[in-house]
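Undergrad: Before I ask anything, let me first share the structure, which is written out below as structure tokens.
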Amino acid sequence: MAVMSYIQAVTTALREEMLRDEKVFILGEDVGKKGGVFRATEGLFDEFGEYRVLDTPLTESAIAGVGIGAAMYGMRPVAEMQFADFIMPAVNQIISEAAKTRYRSNNDWNVPITIRAPYGGGVHGALYHSQSVESVFANQPGLKIVMPSTPYDVKGLLKAAIRDNDPVLFFEHKRAYRLLKEDVPEEDYVLPIGKADVKREGSDITVITYGLCVHFALQAAEKLAEEGIDAHILDLRTVYPLDKAAIIEAASKTGKVLLITEDNKEGSIIGEVAAIIAENCLFDLDAPIMRLAGPDVPAMPYAPTMERYFMVNPEKCEKAMRDLAEF
Amino acid sequence: MAVMSYIQAVTTALREEMLRDEKVFILGEDVGKKGGVFRATEGLFDEFGEYRVLDTPLTESAIAGVGIGAAMYGMRPVAEMQFADFIMPAVNQIISEAAKTRYRSNNDWNVPITIRAPYGGGVHGALYHSQSVESVFANQPGLKIVMPSTPYDVKGLLKAAIRDNDPVLFFEHKRAYRLLKEDVPEEDYVLPIGKADVKREGSDITVITYGLCVHFALQAAEKLAEEGIDAHILDLRTVYPLDKAAIIEAASKTGKVLLITEDNKEGSIIGEVAAIIAENCLFDLDAPIMRLAGPDVPAMPYAPTMERYFMVNPEKCEKAMRDLAEF
Amino acid sequence: MTNRHKKLGISDDEVLNIYKTMLLARKIDERMWLLNRAGKIPFVISCQGQEAAQVGASYALNRNTDYVAPYYRDLGVVLSFGMTAKEVMLSAFAKAEDPNSGGRQMPGHFGQKKNRILSGSSPVTTQVPHAVGVALAARIEKKDLVSFVTLGEGSSNQGDFHEGLNFAGVHKLPVITMVENNQYAISVPFDKQVASENVSIRAKSYGMVGVTIDGNDPLAIYEAVHEARNRAIEGEGGTLIEAVSYRLTAHSSDDDDRYREKHEVDEAKKSDSLVTFGNYLKEENLLSSNLEIEINNELDSVVNEATDYAENAPYAEPEDALKYVYEE
Amino acid sequence: MTNRHKKLGISDDEVLNIYKTMLLARKIDERMWLLNRAGKIPFVISCQGQEAAQVGASYALNRNTDYVAPYYRDLGVVLSFGMTAKEVMLSAFAKAEDPNSGGRQMPGHFGQKKNRILSGSSPVTTQVPHAVGVALAARIEKKDLVSFVTLGEGSSNQGDFHEGLNFAGVHKLPVITMVENNQYAISVPFDKQVASENVSIRAKSYGMVGVTIDGNDPLAIYEAVHEARNRAIEGEGGTLIEAVSYRLTAHSSDDDDRYREKHEVDEAKKSDSLVTFGNYLKEENLLSSNLEIEINNELDSVVNEATDYAENAPYAEPEDALKYVYEE
Ligand SMILES: Cc1ncc(C[n+]2csc(CCOP(=O)(O)OP(=O)(O)O)c2C)c(N)n1
Ligand SMILES: Cc1ncc(C[n+]2csc(CCOP(=O)(O)OP(=O)(O)O)c2C)c(N)n1
Ligand SMILES: [Mg+2]
Ligand SMILES: [Mg+2]
């Protein structure tokens, strides 16, 4: 075991996979000589050389598209989008190509690419360095979207993503990078993509969330425990396709469900979670399904007043959880 | 009144708006001399000249981006994406620019652009000429997404979109183009964007849907009426932002709700509709919220066997509605 | 006196194979139009007018090692790379056995892994970065192969063209890009589409060699691709080739073609490569009347058999629509 | 003997204004770094090294009619087009009164309708099609104006550059594109970024005039933009100008700059336009020591006042985050 930050878990997973499999290579903007603007690829350029940690031109569609071509050839590219907000020029390559190649070729070709991108707010990143972009891709069969919440999950899930024979979008919360630290095994391990994870067992209310909000919810849960409110917390981990069985189980367990996302509310991942619950275990519910999310404005502002207003935080979680428990 | 097909309603609305306001102009691939691959702009090139019905190079990002620039200047561009499937290269311009310009400039600039695109399947269009793409954009505050189901609605809503001072995505069902005909007033009228519309009053079950599926549901409702099942049908018309009040009212009215979309199920618009209901009127429900949608595969295949398997149709609607009524 | 093909190192047999492959492409294409007009297949999109470029280029590649990322008109490329007439017809009829997509995609959406034909989609130009990715992989793996990608001149305005070729140019990757300039992108003619005087001049933006070639001359194309391949293998990077010809049919079976004048099409037909290249072979005494009849008969029966087989082959089962979303 | 600026039709007053605007940009920029290092503002991204190109270009435009779509380093452009130091500082401090965004966007995200400065975002190069759209509108409305758009050399590889300039080229629209080639895109140097020998050669892809100019020489840039504007107004279409200089600071306050050698930066500082252009004015006897001190004092107090005002100005209310999603 070693204490590792969330971003160290990223670097460790990348390095171990590159050592394990020669076909794994990294491409993206500033990932090489600089080691990434967040230093996720620090040291890898020196260790593995230019063609395994390739500084690309400033062209997201080509980063994705060249990665897809290399993956079709048989490589295992790990493409970095410098910020999730800048994945937009690559949407055509991701949705029209990566997601559909296996299906359209009737299983002849496949695209084992991993696309990493830092997402999320609370870092004074303003409108274009703070967004959650998962819902743009969360209606595209053929894709998997992983959004880990802890260093341990990062290491196991990033390795799983790289070994996956289908395209995986891997979104890392940039505020978690240095904020979150925990013991992470030094051995090789993978965690299953497509499976949610219970982060806290509880019996009074169920919170379903993912990413940094898992921590906000856990912090709130500790406080509420003092008041005798016992929260069950399910971390989705993979937000597309969703782990329906785990969602149904967690919702049914307490009958009171709060869904949390940092994304704008309307059209976010948690809408689909609500739909799954309403479809499958409506009669187990003792309260309306509550949602806590960002407001429906284009993205979070830079000014600290407005940024704080937008962001989910432990206090907002605590209030929503208490309201639900008291329903 | 004149009997008009769905696509004639498109052409009529475009022409009337161009006559009414000199700032309105059309740009897109093959919209000029050819009059559009579906003939939506037929005759307009001859009537208004090249610079009001502009054949652009084959570049969706530029079509959107140039349109946005012209709109910021003060024009009212109507951009055509030849097929909704080909809007993907323009996602960055639409999501990062059109949607966010008013907000990011603190109300200084705005982007009154309309982006039209034919969507939907059942036309042997295969994977890339059949998709529903609305969910890619349905989490982007600043955008409005209109998906009309009838010629009457097309004319009133397309005019409203063109006059709207914010960006509107206007998705037209390509199978509806020549299939649907009805009386449409020859006078000028607009319909409100953001408002759902009750297409059939009923008391036993509520169906909430949009686009071509409205017709499938209406056909099914007529059959079921013979069996004594009386369906209430709400046409969303604007799928983003949703008309929450209308959804809550329609769901509460019968307590039994079926949501229908032609899109892949997971992550589609109707997930959000379910979430709104589960959040606001859960205790009015007498049955789980049912969903009828396309399967979660990348897009509908070309072969008629598989295409039929994918598509929603009146029979599938009828069965789902009967199941719900009998719950 | 050596003739043109010998100078290029092409044997008499090989040059006849080029002709036969062009002719087979034409015959399959014509048959598909007939089937479409008879209501038997819903859609066709043509190679007619571009066979010379497609087959000439393919024969200059190593058809056992190189990768191709063709676009929807490239029937000549995929036939050269090993796809059979039967396989093409299975795709036209959207039958389960179609190796391109199992009947999932429209005809013209090629893909066949065993022949290193990358699977393609409908949105134009996405294949350019893919081909660059294959070339990058070849560089990383130190393999002596090139990737070959084609697209239309209209498509050369898409962002993916620029981003893909610039990426290849920065790293001098072994990718050959052939723009099949058939003068139109559906209804929009060259000058409303492409702002430069020609497409090949765009090579300068990518530090590449660029050449404009008569797309009706398979030997000229062969030569250009052959040289491009040598440069690529020598580590000198990619080449942008513009093959100029004319689209002899409407854009597709859904297009009515009214936006251009009949006499323009008639004029273009005079340079139809099937005729002009046939004449070359006749002048070189490689294509006697007898041989011509023989070849036509042979190819007609290939097309007939392929059609019959494909017409009678089964569709995929409805529920097959659920297969292969992810690895199974 | 006339001097350089007179030859270009620039008066003595005007040339001094160019210098003053460059110097103001520099001073604001330097102040923002100090404020950042003092923990008072979270972010700064610099114009340093690019002031000459920005101000020289702007002064060659019609600053009462033309539209600009600047990128994040273009402090020199927006100051030339009428944004005040106070307004810039309000943006640096993210205060409610900031005319660019009301404190919603990071500094460097310019926009001000009354001065025809298009609102910009962070994803690079999206502004190129916008500027083309303005030029198209000018064409449709038969207005004698041009649009002017800038971006970095790294950004010239994005698809939107290609699509935008091709669109402008096809229709010969009055748009002037200036690529500010400062040799780096964050850490990636020119040769790993741009495959062509220089950026201006890309003009050939768009049927445009392309020129590469010393970006440290405001008069050379003025001349190029002046000519470009004349061509544009005459209906001869757009121009692609590459202004070559060097990024004198790190990419932004979040960047540590370790990927380049100190001596390279030191070398570049020798051509710093504030020094070299100042020397020109001194040689021309337009900038006496006294005047220099006077100007510096004047601008320092402008910057001081702007800073004080902005620092003390209020933030937007938290709930203001909900405003202006749609028309209200
Ligand atoms: C991204 C995208 N936009 C639009 C289309 C519709 N479309 C199909 S082919 C075509 C014209 C292509 O022209 P060109 O590149 O010259 O190729 P050609 O068909 O002439 O060979 C268009 C507009 C598409 N397939 N993809
Ligand atoms: C689409 C997109 N991708 C990535 C980024 C992150 N980013 C900001 S500036 C920059 C480098 C830009 O380089 P260049 O165009 O040369 O401009 P310069 O900063 O050197 O003036 C990058 C990669 C971005 N803003 N937008
Ligand atoms: Mg063409
Ligand atoms: Mg730069």
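In the structure tokens, each chain is lettered A, B, ... as it comes, each chain's residues begin at 1, and ligands are numbered from 1 in order of appearance.
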Within 12 Å of Tyr315 of chain D, counting only C-alpha atoms, which residues show up once you throw out same-chain ones fewer than 4 positions away? Write them as a ChimeraX atom specification, please.
TA: /A:301-307 /D:90-98,101-104,310-311,319-321
Undergrad: Please return, as an MDAnalysis selection string, all residues of chain A lying within 8 Å of chain C when only C-alpha atoms are considered.
TA: chainID A and resid 51:52 56:57 59 61:62 65:73 75 93 96:97 100:109 141:142 165:166
Undergrad: Which is closer to chain D than all the others in C:Ala268, C:Val209, C:Leu35, C:Met22, using only C-alpha atoms?
TA: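 Once distances to chain D are computed over only C-alpha atoms, the minimum belongs to C:Val209.
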Undergrad: Output the coordinates of chain D after least-squares fitting to chain C on all in-order C-alpha pairs, as a CSV table (one decimal) with C-alpha atoms, in the first residue's frame.
TA:
chain,number,residue,atom,x,y,z
D,1,MET,CA,10.5,1.4,-77.5
D,2,THR,CA,8.8,0.4,-74.2
D,3,ASN,CA,5.2,1.3,-73.6
D,4,ARG,CA,3.9,3.3,-70.7
D,5,HIS,CA,3.1,0.4,-68.3
D,6,LYS,CA,6.4,-1.4,-68.9
D,7,LYS,CA,8.2,1.8,-68.0
D,8,LEU,CA,6.4,1.8,-64.7
D,9,GLY,CA,7.4,-1.8,-64.1
D,10,ILE,CA,3.8,-3.1,-64.7
D,11,SER,CA,3.7,-6.4,-66.5
D,12,ASP,CA,1.2,-7.1,-69.3
D,13,ASP,CA,-0.7,-9.4,-67.1
D,14,GLU,CA,-0.9,-6.8,-64.4
D,15,VAL,CA,-2.1,-4.0,-66.7
D,16,LEU,CA,-4.8,-6.3,-67.9
D,17,ASN,CA,-5.8,-7.0,-64.3
D,18,ILE,CA,-6.1,-3.3,-63.7
D,19,TYR,CA,-8.4,-3.0,-66.6
D,20,LYS,CA,-10.4,-6.0,-65.5
D,21,THR,CA,-10.8,-4.7,-62.0
D,22,MET,CA,-12.0,-1.3,-63.4
D,23,LEU,CA,-14.4,-3.0,-65.6
D,24,LEU,CA,-15.7,-5.2,-62.8
D,25,ALA,CA,-16.3,-2.2,-60.7
D,26,ARG,CA,-18.2,-0.5,-63.5
D,27,LYS,CA,-20.3,-3.6,-64.2
D,28,ILE,CA,-21.2,-4.1,-60.5
D,29,ASP,CA,-22.1,-0.4,-60.3
D,30,GLU,CA,-24.3,-0.5,-63.4
D,31,ARG,CA,-26.0,-3.6,-62.1
D,32,MET,CA,-26.7,-1.9,-58.8
D,33,TRP,CA,-28.5,0.9,-60.6
D,34,LEU,CA,-30.6,-1.6,-62.5
D,35,LEU,CA,-31.5,-3.3,-59.3
D,36,ASN,CA,-32.3,0.0,-57.7
D,37,ARG,CA,-34.5,1.1,-60.5
D,38,ALA,CA,-36.2,-2.3,-60.4
D,39,GLY,CA,-37.0,-1.7,-56.8
D,40,LYS,CA,-34.8,-4.5,-55.5
D,41,ILE,CA,-32.3,-2.5,-53.6
D,42,PRO,CA,-33.1,0.9,-51.9
D,43,PHE,CA,-29.9,2.7,-52.6
D,44,VAL,CA,-26.8,3.0,-54.8
D,45,ILE,CA,-23.9,5.3,-54.8
D,46,SER,CA,-21.5,5.1,-57.7
D,47,CYS,CA,-17.9,4.8,-58.6
D,48,GLN,CA,-18.5,5.6,-62.3
D,49,GLY,CA,-15.9,7.9,-63.6
D,50,GLN,CA,-13.5,7.2,-60.8
D,51,GLU,CA,-12.5,3.6,-61.5
D,52,ALA,CA,-9.2,4.5,-63.1
D,53,ALA,CA,-7.9,6.4,-60.1
D,54,GLN,CA,-9.2,3.9,-57.6
D,55,VAL,CA,-7.7,0.8,-59.3
D,56,GLY,CA,-4.6,2.6,-60.6
D,57,ALA,CA,-3.8,3.7,-57.1
D,58,SER,CA,-4.5,0.4,-55.4
D,59,TYR,CA,-2.2,-1.5,-57.7
D,60,ALA,CA,0.6,0.8,-56.8
D,61,LEU,CA,0.2,-0.1,-53.2
D,62,ASN,CA,1.2,-3.3,-51.5
D,63,ARG,CA,-2.1,-5.1,-51.4
D,64,ASN,CA,-0.8,-7.6,-48.9
D,65,THR,CA,0.4,-5.2,-46.2
D,66,ASP,CA,-0.9,-1.7,-46.7
D,67,TYR,CA,-4.1,-0.4,-45.1
D,68,VAL,CA,-6.9,1.4,-46.9
D,69,ALA,CA,-9.5,3.8,-45.6
D,70,PRO,CA,-11.8,4.1,-48.7
D,71,TYR,CA,-14.8,6.3,-49.1
D,72,TYR,CA,-18.2,5.4,-50.4
D,73,ARG,CA,-17.3,5.6,-54.1
D,74,ASP,CA,-14.3,3.3,-53.8
D,75,LEU,CA,-15.6,0.1,-55.2
D,76,GLY,CA,-12.4,0.0,-57.4
D,77,VAL,CA,-10.3,0.2,-54.3
D,78,VAL,CA,-12.0,-2.5,-52.3
D,79,LEU,CA,-12.2,-4.9,-55.3
D,80,SER,CA,-8.4,-4.4,-55.7
D,81,PHE,CA,-7.9,-5.1,-52.1
D,82,GLY,CA,-9.7,-8.4,-52.2
D,83,MET,CA,-13.4,-7.9,-51.7
D,84,THR,CA,-15.4,-10.0,-54.1
D,85,ALA,CA,-18.3,-9.1,-56.3
D,86,LYS,CA,-20.4,-11.4,-54.2
D,87,GLU,CA,-19.5,-9.6,-51.0
D,88,VAL,CA,-20.3,-6.3,-52.6
D,89,MET,CA,-23.7,-7.5,-53.8
D,90,LEU,CA,-24.4,-8.9,-50.3
D,91,SER,CA,-23.9,-5.4,-49.0
D,92,ALA,CA,-26.1,-3.9,-51.8
D,93,PHE,CA,-28.9,-6.3,-50.7
D,94,ALA,CA,-28.2,-5.7,-47.0
D,95,LYS,CA,-27.9,-9.4,-46.4
D,96,ALA,CA,-26.6,-11.0,-43.2
D,97,GLU,CA,-23.5,-12.4,-44.9
D,98,ASP,CA,-22.3,-9.0,-46.1
D,99,PRO,CA,-18.7,-8.8,-44.7
D,100,ASN,CA,-18.8,-5.0,-44.5
D,101,SER,CA,-21.6,-4.7,-42.0
D,102,GLY,CA,-23.8,-7.7,-42.0
D,103,GLY,CA,-26.4,-5.6,-43.8
D,104,ARG,CA,-26.3,-2.9,-41.2
D,105,GLN,CA,-24.9,-0.1,-43.3
D,106,MET,CA,-25.9,1.3,-46.7
D,107,PRO,CA,-23.9,0.0,-49.7
D,108,GLY,CA,-20.7,1.9,-50.2
D,109,HIS,CA,-19.8,1.7,-46.5
D,110,PHE,CA,-16.9,-0.6,-46.9
D,111,GLY,CA,-14.9,-2.4,-44.3
D,112,GLN,CA,-13.2,-5.8,-44.2
D,113,LYS,CA,-10.5,-6.5,-41.6
D,114,LYS,CA,-8.9,-9.5,-43.3
D,115,ASN,CA,-8.2,-7.3,-46.3
D,116,ARG,CA,-7.1,-4.3,-44.2
D,117,ILE,CA,-10.0,-2.2,-45.4
D,118,LEU,CA,-10.9,0.1,-42.5
D,119,SER,CA,-14.6,0.2,-41.7
D,120,GLY,CA,-16.1,3.5,-42.8
D,121,SER,CA,-19.1,5.6,-41.8
D,122,SER,CA,-21.3,8.2,-43.6
D,123,PRO,CA,-20.0,11.5,-42.1
D,124,VAL,CA,-17.4,12.4,-44.6
D,125,THR,CA,-13.7,12.8,-43.9
D,126,THR,CA,-13.6,11.1,-40.5
D,127,GLN,CA,-11.5,8.4,-42.2
D,128,VAL,CA,-8.6,10.8,-42.8
D,129,PRO,CA,-7.4,10.8,-39.1
D,130,HIS,CA,-8.0,7.1,-39.0
D,131,ALA,CA,-5.6,6.5,-41.8
D,132,VAL,CA,-3.1,8.8,-40.0
D,133,GLY,CA,-3.6,6.7,-36.9
D,134,VAL,CA,-2.7,3.6,-38.8
D,135,ALA,CA,0.4,5.3,-40.2
D,136,LEU,CA,1.3,6.4,-36.7
D,137,ALA,CA,0.9,2.8,-35.5
D,138,ALA,CA,3.1,1.6,-38.3
D,139,ARG,CA,5.7,4.2,-37.2
D,140,ILE,CA,5.5,3.1,-33.6
D,141,GLU,CA,5.7,-0.6,-34.5
D,142,LYS,CA,8.4,0.1,-37.2
D,143,LYS,CA,6.4,-1.7,-39.9
D,144,ASP,CA,7.1,-1.1,-43.6
D,145,LEU,CA,3.6,-0.3,-44.6
D,146,VAL,CA,1.6,2.8,-45.7
D,147,SER,CA,-2.0,3.7,-45.2
D,148,PHE,CA,-4.0,5.0,-48.1
D,149,VAL,CA,-7.1,7.2,-47.7
D,150,THR,CA,-9.5,8.7,-50.2
D,151,LEU,CA,-12.2,11.3,-50.1
D,152,GLY,CA,-14.0,13.7,-52.4
D,153,GLU,CA,-13.0,17.2,-53.1
D,154,GLY,CA,-15.9,18.6,-51.2
D,155,SER,CA,-14.8,16.7,-48.2
D,156,SER,CA,-11.4,18.2,-48.4
D,157,ASN,CA,-12.9,21.3,-46.8
D,158,GLN,CA,-13.8,19.5,-43.6
D,159,GLY,CA,-11.8,20.2,-40.4
D,160,ASP,CA,-10.8,16.5,-40.2
D,161,PHE,CA,-8.9,16.8,-43.5
D,162,HIS,CA,-6.8,19.7,-42.1
D,163,GLU,CA,-6.2,18.2,-38.7
D,164,GLY,CA,-5.4,14.8,-40.0
D,165,LEU,CA,-3.0,15.9,-42.7
D,166,ASN,CA,-1.3,18.4,-40.4
D,167,PHE,CA,-0.8,15.6,-37.8
D,168,ALA,CA,0.7,13.4,-40.5
D,169,GLY,CA,2.9,16.2,-41.8
D,170,VAL,CA,4.4,17.1,-38.4
D,171,HIS,CA,5.5,13.5,-37.9
D,172,LYS,CA,6.1,12.7,-41.6
D,173,LEU,CA,3.9,9.6,-41.3
D,174,PRO,CA,3.5,7.2,-44.2
D,175,VAL,CA,0.0,8.1,-45.3
D,176,ILE,CA,-1.1,8.7,-48.9
D,177,THR,CA,-4.2,10.8,-49.3
D,178,MET,CA,-6.0,10.7,-52.6
D,179,VAL,CA,-8.7,13.3,-53.2
D,180,GLU,CA,-11.0,12.1,-56.0
D,181,ASN,CA,-12.0,15.4,-57.5
D,182,ASN,CA,-15.1,14.6,-59.5
D,183,GLN,CA,-16.1,18.3,-59.8
D,184,TYR,CA,-19.2,18.1,-57.6
D,185,ALA,CA,-20.2,17.6,-54.0
D,186,ILE,CA,-23.8,16.5,-54.6
D,187,SER,CA,-25.0,19.7,-56.4
D,188,VAL,CA,-22.3,22.1,-55.4
D,189,PRO,CA,-19.6,22.6,-58.0
D,190,PHE,CA,-15.8,22.8,-57.3
D,191,ASP,CA,-15.6,26.6,-57.3
D,192,LYS,CA,-18.3,27.0,-54.7
D,193,GLN,CA,-16.7,24.4,-52.6
D,194,VAL,CA,-12.9,24.6,-52.6
D,195,ALA,CA,-11.3,28.1,-52.4
D,196,SER,CA,-7.9,27.1,-53.7
D,197,GLU,CA,-7.1,26.7,-57.3
D,198,ASN,CA,-6.9,23.0,-56.9
D,199,VAL,CA,-6.9,20.6,-54.0
D,200,SER,CA,-3.3,19.4,-54.3
D,201,ILE,CA,-1.9,22.8,-53.5
D,202,ARG,CA,-3.2,22.2,-50.0
D,203,ALA,CA,-0.3,19.8,-49.5
D,204,LYS,CA,1.8,22.9,-48.8
D,205,SER,CA,-0.1,23.5,-45.6
D,206,TYR,CA,1.1,20.1,-44.4
D,207,GLY,CA,4.7,20.1,-45.6
D,208,MET,CA,3.9,17.4,-48.1
D,209,VAL,CA,4.3,16.7,-51.7
D,210,GLY,CA,1.1,17.5,-53.6
D,211,VAL,CA,0.3,16.5,-57.2
D,212,THR,CA,-2.8,16.9,-59.4
D,213,ILE,CA,-3.2,14.0,-61.9
D,214,ASP,CA,-5.6,13.0,-64.6
D,215,GLY,CA,-8.0,10.7,-62.7
D,216,ASN,CA,-9.0,9.0,-65.9
D,217,ASP,CA,-5.5,7.7,-66.5
D,218,PRO,CA,-4.8,4.7,-64.3
D,219,LEU,CA,-1.1,4.6,-65.2
D,220,ALA,CA,-0.5,8.2,-64.3
D,221,ILE,CA,-2.2,7.6,-61.0
D,222,TYR,CA,-0.2,4.4,-60.5
D,223,GLU,CA,3.0,6.3,-61.0
D,224,ALA,CA,2.1,9.0,-58.6
D,225,VAL,CA,1.0,6.6,-55.9
D,226,HIS,CA,4.1,4.4,-56.5
D,227,GLU,CA,6.4,7.4,-56.0
D,228,ALA,CA,4.4,8.5,-53.0
D,229,ARG,CA,4.7,5.0,-51.5
D,230,ASN,CA,8.4,5.0,-52.0
D,231,ARG,CA,8.7,8.3,-50.2
D,232,ALA,CA,6.5,7.2,-47.4
D,233,ILE,CA,8.5,4.0,-46.8
D,234,GLU,CA,11.8,6.1,-46.9
D,235,GLY,CA,10.4,8.1,-44.0
D,236,GLU,CA,9.8,11.2,-46.2
D,237,GLY,CA,6.2,11.5,-45.1
D,238,GLY,CA,2.9,11.7,-46.8
D,239,THR,CA,1.6,12.8,-50.2
D,240,LEU,CA,-1.5,14.5,-51.3
D,241,ILE,CA,-2.8,13.3,-54.7
D,242,GLU,CA,-5.6,14.9,-56.4
D,243,ALA,CA,-7.2,12.7,-59.1
D,244,VAL,CA,-9.3,14.8,-61.4
D,245,SER,CA,-12.2,13.2,-63.2
D,246,TYR,CA,-15.9,13.6,-63.4
D,247,ARG,CA,-18.9,12.0,-61.6
D,248,LEU,CA,-20.7,10.2,-64.5
D,249,THR,CA,-23.8,9.4,-62.6
D,250,ALA,CA,-26.1,11.4,-60.3
D,251,HIS,CA,-24.7,11.7,-56.8
D,252,SER,CA,-26.7,8.7,-55.7
D,253,SER,CA,-30.0,7.0,-56.5
D,254,ASP,CA,-31.7,9.6,-54.4
D,255,ASP,CA,-30.4,12.5,-56.5
D,256,ASP,CA,-31.9,13.9,-59.7
D,257,ASP,CA,-28.9,15.6,-61.1
D,258,ARG,CA,-30.9,18.6,-62.5
D,259,TYR,CA,-28.3,21.1,-61.2
D,260,ARG,CA,-25.9,20.4,-64.0
D,261,GLU,CA,-26.2,20.5,-67.8
D,262,LYS,CA,-26.5,17.3,-69.8
D,263,HIS,CA,-23.9,18.4,-72.3
D,264,GLU,CA,-21.4,18.7,-69.4
D,265,VAL,CA,-22.0,15.0,-68.6
D,266,ASP,CA,-21.8,14.0,-72.2
D,267,GLU,CA,-18.6,15.8,-72.7
D,268,ALA,CA,-17.1,14.1,-69.6
D,269,LYS,CA,-18.1,10.7,-71.0
D,270,LYS,CA,-15.7,11.2,-73.8
D,271,SER,CA,-12.8,10.7,-71.4
D,272,ASP,CA,-14.4,7.8,-69.6
D,273,SER,CA,-11.4,5.7,-68.5
D,274,LEU,CA,-13.1,2.4,-69.4
D,275,VAL,CA,-13.0,3.6,-73.0
D,276,THR,CA,-9.7,5.4,-73.1
D,277,PHE,CA,-7.8,2.8,-71.1
D,278,GLY,CA,-9.4,0.1,-73.2
D,279,ASN,CA,-8.1,1.9,-76.3
D,280,TYR,CA,-4.7,2.1,-74.8
D,281,LEU,CA,-4.7,-1.7,-74.3
D,282,LYS,CA,-5.9,-2.3,-77.8
D,283,GLU,CA,-3.2,-0.1,-79.2
D,284,GLU,CA,-0.7,-2.1,-77.2
D,285,ASN,CA,-2.2,-5.2,-78.7
D,286,LEU,CA,-3.1,-6.5,-75.2
D,287,LEU,CA,-6.8,-6.4,-75.7
D,288,SER,CA,-8.0,-8.1,-78.8
D,289,SER,CA,-11.7,-8.1,-79.7
D,290,ASN,CA,-11.9,-11.7,-78.7
D,291,LEU,CA,-10.3,-11.1,-75.3
D,292,GLU,CA,-12.5,-8.2,-74.8
D,293,ILE,CA,-15.6,-10.3,-75.3
D,294,GLU,CA,-14.1,-13.0,-73.2
D,295,ILE,CA,-13.5,-10.7,-70.3
D,296,ASN,CA,-16.9,-9.1,-70.6
D,297,ASN,CA,-18.5,-12.5,-70.5
D,298,GLU,CA,-16.5,-13.6,-67.6
D,299,LEU,CA,-17.2,-10.5,-65.6
D,300,ASP,CA,-20.9,-10.6,-66.5
D,301,SER,CA,-21.2,-14.0,-65.1
D,302,VAL,CA,-19.3,-13.0,-62.0
D,303,VAL,CA,-21.8,-10.2,-61.6
D,304,ASN,CA,-24.8,-12.4,-62.4
D,305,GLU,CA,-23.7,-15.0,-59.9
D,306,ALA,CA,-23.0,-12.5,-57.2
D,307,THR,CA,-26.4,-10.9,-57.8
D,308,ASP,CA,-28.3,-14.2,-57.7
D,309,TYR,CA,-26.4,-15.3,-54.6
D,310,ALA,CA,-27.0,-12.1,-52.8
D,311,GLU,CA,-30.6,-11.7,-53.8
D,312,ASN,CA,-31.3,-15.2,-52.4
D,313,ALA,CA,-29.3,-14.9,-49.3
D,314,PRO,CA,-31.1,-14.3,-46.0
D,315,TYR,CA,-31.4,-11.1,-44.0
D,316,ALA,CA,-30.2,-11.0,-40.5
D,317,GLU,CA,-32.7,-11.9,-37.9
D,318,PRO,CA,-34.6,-9.0,-36.4
D,319,GLU,CA,-33.0,-9.5,-33.0
D,320,ASP,CA,-29.5,-9.5,-34.6
D,321,ALA,CA,-29.9,-5.7,-34.3
D,322,LEU,CA,-29.0,-6.2,-30.6
D,323,LYS,CA,-25.6,-7.8,-31.3
D,324,TYR,CA,-22.1,-6.4,-31.1
D,325,VAL,CA,-22.7,-3.2,-29.3
D,326,TYR,CA,-19.8,-4.1,-27.1
D,327,GLU,CA,-17.5,-7.1,-27.0
D,328,GLU,CA,-19.5,-10.2,-26.4
Undergrad: If you run DSSP on the backbone here, which positions in segment 2-102 of chain B get alpha helix (DSSP H)? Please write them as a PyMOL selection string.
TA: chain B and resi 6-20+44-48+60-73+91+101-102
Undergrad: Residues of chain A near chain B: apply a cut-off of 7 Å, count only C-alpha atoms, and supply the list as a ChimeraX atom specification.
TA: /A:88-89,91-92,100,103,135-142,264,266-268,271-272,274-275,278-280,282,288-290,296-298
Undergrad: Mind listing the strand (DSSP E or B) residues of segment 159-287 of chain D, per DSSP on the backbone, as a list in words?
TA: Val175, Ile176, Thr177, Met178, Val179, Glu180, Asn181, Tyr184, Ala185, Val188, Pro189, Val209, Gly210, Val211, Thr212, Ile213, Asp214, Thr239, Leu240, Ile241, Glu242, Ala243 and Val244 of chain D
